[in-house]
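Visitor: After the structure tokens below, expect a handful of questions from me.
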Amino acid sequence: MKIGVIDYGMGNLFSVVQALNRLGCEVVVTADEQKLDATDALLLPGVGAFPDARKRLAETKLDRYLIKAQSQNRPLLGICLGMQLLFEQSDEVTSTNGLGFFKGQIKRFSGTNEGRAYRVPHMGWNQLVMANRPAWLENSAPAKHVYFVHSFYATHIEESELVAYADYCGIRVPGIVTKGSVTGMQFHPEKSGELGVYLLEQWLKGVKAC
């Protein structure tokens with residue numbers, strides 16, 4: 001299976017490429033649309049600030065490419081900031097429109113909840129709680145925890161699009177969302193041990209079954 005990792009200058013790609021290689025994938029890291037067209041599925045990574053990432057997608061015209069890919073029901077996985085870019089809007093730094101594949105807004109953790117202070121960023125291992133199981137995810141999982149590193153999270157989402165969430169100091173943090181051919185993971189599956197590998201593997205099996 002060939003996976004196109006979208007290279008728009010906003011991602012640390014080594015770990016996710018290595019994880020996909022270990023799962024038997026041929027990985028193409030590129031911003032070239034013709035090369036991306038020749039892949040079975042797309043992966044949108046992301047590290048950094050939402051407005052910068054959105055600007056880079058626009059400058060490279062990869063935002064238009066992703067919109068076309070979504071309209072064609074091509075499998076797409078967004079990871080971390082890559083997931084956040086799939087939503088309607090973000091308040092990071094300044095209000096910025098996202099790709100709009102999912103309903104919802106990206107907000108910063110406030111640092112307090114019901115009078116209790118908590119650490120920002122949300123960094124470390126958290127248990128995933130299943131909400132709605134998609135067709136690509138089997139019933140069993142080898143572990144329960146995944147690794148998060150982020151200061152912003154999705155809010156006001158469609159409940160039907162939520163696959164799994166984590167509880168962080170009483171705040172429900174969407175961990176996996178899915179709609180049609182598009183999936184987002186807020187955590188880093190490539191850094192999340194046994195469960196992260198399992199989730200990537202299950203997503204790839206879903207791509208293969210399409």
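In the structure tokens, each chain is lettered A, B, ... as it comes, each chain's residues begin at 1, and ligands are numbered from 1 in order of appearance.
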Do you know which residues are at most 9 Å from A:Val93 counting only C-alpha atoms, after dropping those on the same chain fewer than 3 positions away, and could you put them as a ChimeraX atom specification?

Guide: /A:49-51,90,96

Visitor: Put those residues in a file: all heavy atoms, as a compact mmCIF listing (two decimals), in the first residue's frame.

Guide:
```
# COMPACT_ATOMS: atom_id res chain seq x y z
N ALA A 49 1.96 26.31 14.70
CA ALA A 49 0.78 27.14 14.89
C ALA A 49 -0.20 26.99 13.72
O ALA A 49 0.21 26.90 12.56
CB ALA A 49 1.18 28.61 15.04
N PHE A 50 -1.47 26.99 14.04
CA PHE A 50 -2.54 26.81 13.05
C PHE A 50 -2.46 27.84 11.92
O PHE A 50 -2.52 27.45 10.74
CB PHE A 50 -3.89 26.88 13.77
CG PHE A 50 -5.07 26.48 12.95
CD1 PHE A 50 -5.71 25.26 13.16
CD2 PHE A 50 -5.58 27.32 11.96
CE1 PHE A 50 -6.80 24.88 12.41
CE2 PHE A 50 -6.69 26.96 11.20
CZ PHE A 50 -7.30 25.73 11.43
N PRO A 51 -2.35 29.16 12.21
CA PRO A 51 -2.33 30.13 11.10
C PRO A 51 -1.16 29.92 10.15
O PRO A 51 -1.31 30.07 8.93
CB PRO A 51 -2.22 31.49 11.81
CG PRO A 51 -2.72 31.24 13.18
CD PRO A 51 -2.32 29.84 13.52
N SER A 90 -10.01 28.10 13.91
CA SER A 90 -9.16 28.04 15.10
C SER A 90 -8.95 29.44 15.65
O SER A 90 -8.84 30.41 14.89
CB SER A 90 -7.79 27.42 14.76
OG SER A 90 -6.91 27.51 15.87
N THR A 96 -8.69 31.97 12.41
CA THR A 96 -8.28 31.47 11.10
C THR A 96 -9.20 30.34 10.68
O THR A 96 -9.50 29.44 11.47
CB THR A 96 -6.83 30.94 11.15
OG1 THR A 96 -5.97 31.95 11.69
CG2 THR A 96 -6.35 30.56 9.76
```

Visitor: Counting only C-alpha atoms, which of A:Ala38, A:Leu43, A:Ile106, A:Ala131 gets nearest to A:Ala164?

Guide: A:Ala131

Visitor: Restricting the calculation to only C-alpha atoms, which member of A:Trp136, A:Trp125, A:Tyr8, A:Tyr168 is positioned closest to A:Leu195?

Guide: A:Trp125

Visitor: With only C-alpha atoms as the counted atoms, please give the residues lying no more than 7 Å from A:Ile3, apart from itself and same-chain residues fewer than 4 positions off, as a count of residues only.

Guide: 8

Visitor: Taking the DSSP assignment computed from this structure's backbone, write out as a list of chain:residue names all residues of stretch 107-151 of chain A that belong to strand (DSSP E).

Guide: A:Lys107, A:Arg108, A:Thr112, A:Asn113, A:Arg116, A:Ala117, A:His122, A:Met123, A:Gly124, A:Trp125, A:Asn126, A:Gln127, A:Val129, A:Met130, A:His145, A:Val146, A:Tyr147, A:Phe148, A:Val149, A:His150

Visitor: Could those residues be written to a file, using C-alpha atoms, as a PDB file, in the first residue's frame?

Guide:
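Below is the file result.pdb, written as the result:
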```
ATOM      1  CA  LYS A 107      -9.758  26.461  21.246  1.00  0.00           C
ATOM      2  CA  ARG A 108      -6.874  26.809  23.676  1.00  0.00           C
ATOM      3  CA  THR A 112      -8.423  26.148  34.849  1.00  0.00           C
ATOM      4  CA  ASN A 113     -11.574  24.049  35.110  1.00  0.00           C
ATOM      5  CA  ARG A 116      -8.876  23.868  39.556  1.00  0.00           C
ATOM      6  CA  ALA A 117      -5.645  24.717  37.720  1.00  0.00           C
ATOM      7  CA  HIS A 122      -1.700  18.771  27.642  1.00  0.00           C
ATOM      8  CA  MET A 123       1.323  16.501  27.457  1.00  0.00           C
ATOM      9  CA  GLY A 124       1.554  12.839  28.335  1.00  0.00           C
ATOM     10  CA  TRP A 125      -0.375   9.580  28.288  1.00  0.00           C
ATOM     11  CA  ASN A 126      -4.170   9.553  28.548  1.00  0.00           C
ATOM     12  CA  GLN A 127      -6.771   6.842  28.276  1.00  0.00           C
ATOM     13  CA  VAL A 129     -12.659   6.377  25.804  1.00  0.00           C
ATOM     14  CA  MET A 130     -14.676   5.038  22.879  1.00  0.00           C
ATOM     15  CA  HIS A 145      -3.505   4.896  26.502  1.00  0.00           C
ATOM     16  CA  VAL A 146      -2.089   7.209  23.828  1.00  0.00           C
ATOM     17  CA  TYR A 147       0.365  10.099  23.887  1.00  0.00           C
ATOM     18  CA  PHE A 148      -0.795  13.722  23.578  1.00  0.00           C
ATOM     19  CA  VAL A 149       1.214  16.928  23.116  1.00  0.00           C
ATOM     20  CA  HIS A 150      -1.007  19.952  22.419  1.00  0.00           C
TER      21      HIS A 150
END
```

Visitor: Counting only C-alpha atoms, what are the residues of stretch 56-137 of chain A within 8 Å of stretch 153-158 of chain A, and for each of them which pair of atoms is the nearest and at what distance in Å, to one decimal? Sort the table by chain and rising number, as CSV.

Guide:
```
residue,atom,partner,partner_atom,distance
A:Gln84,CA,A:Ala154,CA,7.0
A:Phe87,CA,A:Ala154,CA,7.8
A:Phe102,CA,A:Ile157,CA,7.5
A:Lys103,CA,A:Ile157,CA,5.5
A:Gly104,CA,A:Ile157,CA,4.5
A:Gln105,CA,A:Thr155,CA,5.3
A:Ile106,CA,A:Ala154,CA,4.5
A:Lys107,CA,A:Tyr153,CA,5.6
A:Arg108,CA,A:Tyr153,CA,6.4
A:Phe109,CA,A:Tyr153,CA,7.2
```

Visitor: Restricted to N, CA and C atoms, what would the selected residues look like written as a PDB file, in the first residue's frame?

Guide:
```pdb
ATOM      1  N   GLN A  84      -6.421  19.242  13.530  1.00  0.00           N
ATOM      2  CA  GLN A  84      -7.062  20.522  13.821  1.00  0.00           C
ATOM      3  C   GLN A  84      -7.366  21.305  12.553  1.00  0.00           C
ATOM      4  N   PHE A  87     -10.884  21.117  10.836  1.00  0.00           N
ATOM      5  CA  PHE A  87     -12.079  21.736  11.412  1.00  0.00           C
ATOM      6  C   PHE A  87     -12.357  23.099  10.777  1.00  0.00           C
ATOM      7  N   PHE A 102     -14.724  18.942   9.191  1.00  0.00           N
ATOM      8  CA  PHE A 102     -15.469  18.644  10.409  1.00  0.00           C
ATOM      9  C   PHE A 102     -16.058  19.931  10.973  1.00  0.00           C
ATOM     10  N   LYS A 103     -17.242  19.819  11.547  1.00  0.00           N
ATOM     11  CA  LYS A 103     -17.832  20.959  12.247  1.00  0.00           C
ATOM     12  C   LYS A 103     -17.125  21.130  13.583  1.00  0.00           C
ATOM     13  N   GLY A 104     -16.823  22.388  13.951  1.00  0.00           N
ATOM     14  CA  GLY A 104     -16.228  22.645  15.257  1.00  0.00           C
ATOM     15  C   GLY A 104     -15.128  23.687  15.196  1.00  0.00           C
ATOM     16  N   GLN A 105     -14.729  24.153  16.380  1.00  0.00           N
ATOM     17  CA  GLN A 105     -13.696  25.170  16.519  1.00  0.00           C
ATOM     18  C   GLN A 105     -12.546  24.641  17.378  1.00  0.00           C
ATOM     19  N   ILE A 106     -11.349  25.134  17.075  1.00  0.00           N
ATOM     20  CA  ILE A 106     -10.164  24.781  17.841  1.00  0.00           C
ATOM     21  C   ILE A 106      -9.916  25.892  18.864  1.00  0.00           C
ATOM     22  N   LYS A 107      -9.923  25.514  20.147  1.00  0.00           N
ATOM     23  CA  LYS A 107      -9.758  26.461  21.246  1.00  0.00           C
ATOM     24  C   LYS A 107      -8.546  26.087  22.090  1.00  0.00           C
ATOM     25  N   ARG A 108      -7.990  27.070  22.779  1.00  0.00           N
ATOM     26  CA  ARG A 108      -6.874  26.809  23.676  1.00  0.00           C
ATOM     27  C   ARG A 108      -7.379  26.332  25.032  1.00  0.00           C
ATOM     28  N   PHE A 109      -6.663  25.396  25.628  1.00  0.00           N
ATOM     29  CA  PHE A 109      -6.954  25.046  27.015  1.00  0.00           C
ATOM     30  C   PHE A 109      -6.797  26.298  27.871  1.00  0.00           C
TER      31      PHE A 109
END
```

Visitor: With a distance cut-off of 12 Å and only C-alpha atoms, select the neighbouring residues of A:Gly78, excluding the residue or stretch itself and same-chain residues fewer than 2 positions from it, and output the selection as a ChimeraX atom specification.

Guide: /A:4-6,11,16,41-47,66,75-76,80-87,99,101-102,175-178,181-189,200,203

Visitor: Step one, run DSSP on the backbone; step two, keep only residues of stretch 12-77 of chain A assigned to alpha helix (DSSP H); then write them as a CSV table (one decimal) with N, CA, C and O atoms, in the first residue's frame.

Guide:
```
chain,number,residue,atom,x,y,z
A,14,PHE,N,9.6,12.3,10.4
A,14,PHE,CA,10.4,11.0,10.5
A,14,PHE,C,9.7,9.9,11.2
A,14,PHE,O,9.7,8.8,10.8
A,15,SER,N,9.1,10.2,12.4
A,15,SER,CA,8.6,9.2,13.2
A,15,SER,C,7.3,8.5,12.6
A,15,SER,O,7.2,7.3,12.6
A,16,VAL,N,6.5,9.3,11.9
A,16,VAL,CA,5.3,8.8,11.3
A,16,VAL,C,5.7,8.0,10.1
A,16,VAL,O,5.1,6.9,9.8
A,17,VAL,N,6.7,8.4,9.3
A,17,VAL,CA,7.1,7.7,8.2
A,17,VAL,C,7.7,6.3,8.6
A,17,VAL,O,7.4,5.3,8.0
A,18,GLN,N,8.5,6.3,9.7
A,18,GLN,CA,9.1,5.1,10.2
A,18,GLN,C,8.0,4.1,10.6
A,18,GLN,O,8.0,2.9,10.4
A,19,ALA,N,6.9,4.7,11.3
A,19,ALA,CA,5.8,3.8,11.8
A,19,ALA,C,5.1,3.2,10.6
A,19,ALA,O,4.8,2.0,10.6
A,20,LEU,N,4.8,4.0,9.5
A,20,LEU,CA,4.2,3.4,8.3
A,20,LEU,C,5.0,2.4,7.6
A,20,LEU,O,4.5,1.4,7.1
A,21,ASN,N,6.3,2.7,7.6
A,21,ASN,CA,7.2,1.7,7.0
A,21,ASN,C,7.2,0.4,7.7
A,21,ASN,O,7.2,-0.7,7.1
A,22,ARG,N,7.2,0.4,9.0
A,22,ARG,CA,7.2,-0.8,9.8
A,22,ARG,C,5.9,-1.6,9.6
A,22,ARG,O,5.9,-2.8,9.8
A,33,GLU,N,1.3,17.1,-6.5
A,33,GLU,CA,0.0,16.6,-6.6
A,33,GLU,C,-0.1,15.3,-7.4
A,33,GLU,O,-0.9,14.4,-7.1
A,34,GLN,N,0.7,15.3,-8.5
A,34,GLN,CA,0.7,14.1,-9.3
A,34,GLN,C,1.2,12.9,-8.5
A,34,GLN,O,0.6,11.8,-8.7
A,35,LYS,N,2.2,13.1,-7.7
A,35,LYS,CA,2.7,11.9,-6.9
A,35,LYS,C,1.7,11.6,-5.8
A,35,LYS,O,1.5,10.4,-5.5
A,36,LEU,N,1.0,12.5,-5.3
A,36,LEU,CA,0.0,12.2,-4.3
A,36,LEU,C,-1.2,11.5,-4.9
A,36,LEU,O,-1.8,10.6,-4.3
A,37,ASP,N,-1.5,11.9,-6.1
A,37,ASP,CA,-2.6,11.2,-6.8
A,37,ASP,C,-2.4,9.7,-7.0
A,37,ASP,O,-3.3,8.9,-7.1
A,50,PHE,N,-1.5,27.0,14.0
A,50,PHE,CA,-2.5,26.8,13.1
A,50,PHE,C,-2.5,27.8,11.9
A,50,PHE,O,-2.5,27.5,10.7
A,51,PRO,N,-2.4,29.2,12.2
A,51,PRO,CA,-2.3,30.1,11.1
A,51,PRO,C,-1.2,29.9,10.1
A,51,PRO,O,-1.3,30.1,8.9
A,52,ASP,N,0.0,29.6,10.7
A,52,ASP,CA,1.2,29.3,9.8
A,52,ASP,C,0.9,28.1,8.9
A,52,ASP,O,1.3,28.2,7.7
A,53,ALA,N,0.4,27.1,9.5
A,53,ALA,CA,0.1,25.9,8.7
A,53,ALA,C,-1.0,26.1,7.6
A,53,ALA,O,-0.8,25.7,6.5
A,54,ARG,N,-2.0,26.9,8.0
A,54,ARG,CA,-3.0,27.2,7.0
A,54,ARG,C,-2.5,28.0,5.9
A,54,ARG,O,-2.8,27.8,4.7
A,55,LYS,N,-1.6,29.0,6.2
A,55,LYS,CA,-1.0,29.8,5.2
A,55,LYS,C,-0.1,29.0,4.3
A,55,LYS,O,-0.1,29.2,3.0
A,56,ARG,N,0.6,28.0,4.8
A,56,ARG,CA,1.5,27.2,4.0
A,56,ARG,C,0.7,26.3,3.1
A,56,ARG,O,1.0,26.1,1.9
A,57,LEU,N,-0.5,25.8,3.6
A,57,LEU,CA,-1.4,25.0,2.7
A,57,LEU,C,-1.9,25.8,1.5
A,57,LEU,O,-2.0,25.4,0.4
A,58,ALA,N,-2.2,27.1,1.8
A,58,ALA,CA,-2.7,28.0,0.8
A,58,ALA,C,-1.6,28.3,-0.2
A,58,ALA,O,-1.9,28.3,-1.4
A,59,GLU,N,-0.4,28.6,0.3
A,59,GLU,CA,0.7,29.0,-0.6
A,59,GLU,C,1.1,27.9,-1.6
A,59,GLU,O,1.4,28.1,-2.7
A,62,LEU,N,-2.1,23.3,-1.6
A,62,LEU,CA,-2.5,21.9,-1.1
A,62,LEU,C,-3.8,21.9,-0.4
A,62,LEU,O,-4.4,20.9,-0.2
A,63,ASP,N,-4.3,23.1,0.0
A,63,ASP,CA,-5.6,23.2,0.6
A,63,ASP,C,-6.6,22.8,-0.5
A,63,ASP,O,-7.6,22.1,-0.2
A,64,ARG,N,-6.5,23.4,-1.7
A,64,ARG,CA,-7.4,23.0,-2.8
A,64,ARG,C,-7.3,21.5,-3.1
A,64,ARG,O,-8.3,20.9,-3.4
A,65,TYR,N,-6.1,21.0,-3.1
A,65,TYR,CA,-5.9,19.6,-3.4
A,65,TYR,C,-6.6,18.7,-2.3
A,65,TYR,O,-7.3,17.7,-2.7
A,66,LEU,N,-6.5,19.1,-1.1
A,66,LEU,CA,-7.2,18.3,0.0
A,66,LEU,C,-8.7,18.4,-0.1
A,66,LEU,O,-9.4,17.4,0.1
A,67,ILE,N,-9.2,19.6,-0.5
A,67,ILE,CA,-10.7,19.7,-0.7
A,67,ILE,C,-11.1,18.8,-1.8
A,67,ILE,O,-12.2,18.2,-1.7
A,68,LYS,N,-10.3,18.8,-2.9
A,68,LYS,CA,-10.7,17.9,-4.0
A,68,LYS,C,-10.6,16.5,-3.6
A,68,LYS,O,-11.5,15.7,-3.9
A,69,ALA,N,-9.6,16.1,-2.8
A,69,ALA,CA,-9.5,14.7,-2.4
A,69,ALA,C,-10.6,14.3,-1.5
A,69,ALA,O,-11.2,13.2,-1.6
A,70,GLN,N,-11.1,15.2,-0.6
A,70,GLN,CA,-12.2,14.9,0.2
A,70,GLN,C,-13.5,14.7,-0.6
A,70,GLN,O,-14.3,13.9,-0.3
A,71,SER,N,-13.7,15.6,-1.6
A,71,SER,CA,-14.8,15.4,-2.5
A,71,SER,C,-14.9,14.1,-3.3
A,71,SER,O,-15.9,13.6,-3.7
```

Visitor: Show which residues sit within 10 Å of A:Lys205, as an MDAnalysis selection string. Count only C-alpha atoms, and ignore same-chain residues fewer than 6 positions away.

Guide: chainID A and resid 1 136:137 199

Visitor: With C-alpha atoms retained, write the just-selected residues as a PDB file, in the first residue's frame.

Guide:
```pdb
ATOM      1  CA  MET A   1       0.000   0.000   0.000  1.00  0.00           C
ATOM      2  CA  TRP A 136     -12.459   0.448  10.256  1.00  0.00           C
ATOM      3  CA  LEU A 137     -11.906  -0.109  13.981  1.00  0.00           C
ATOM      4  CA  LEU A 199      -4.898   2.293  15.463  1.00  0.00           C
TER       5      LEU A 199
END
```
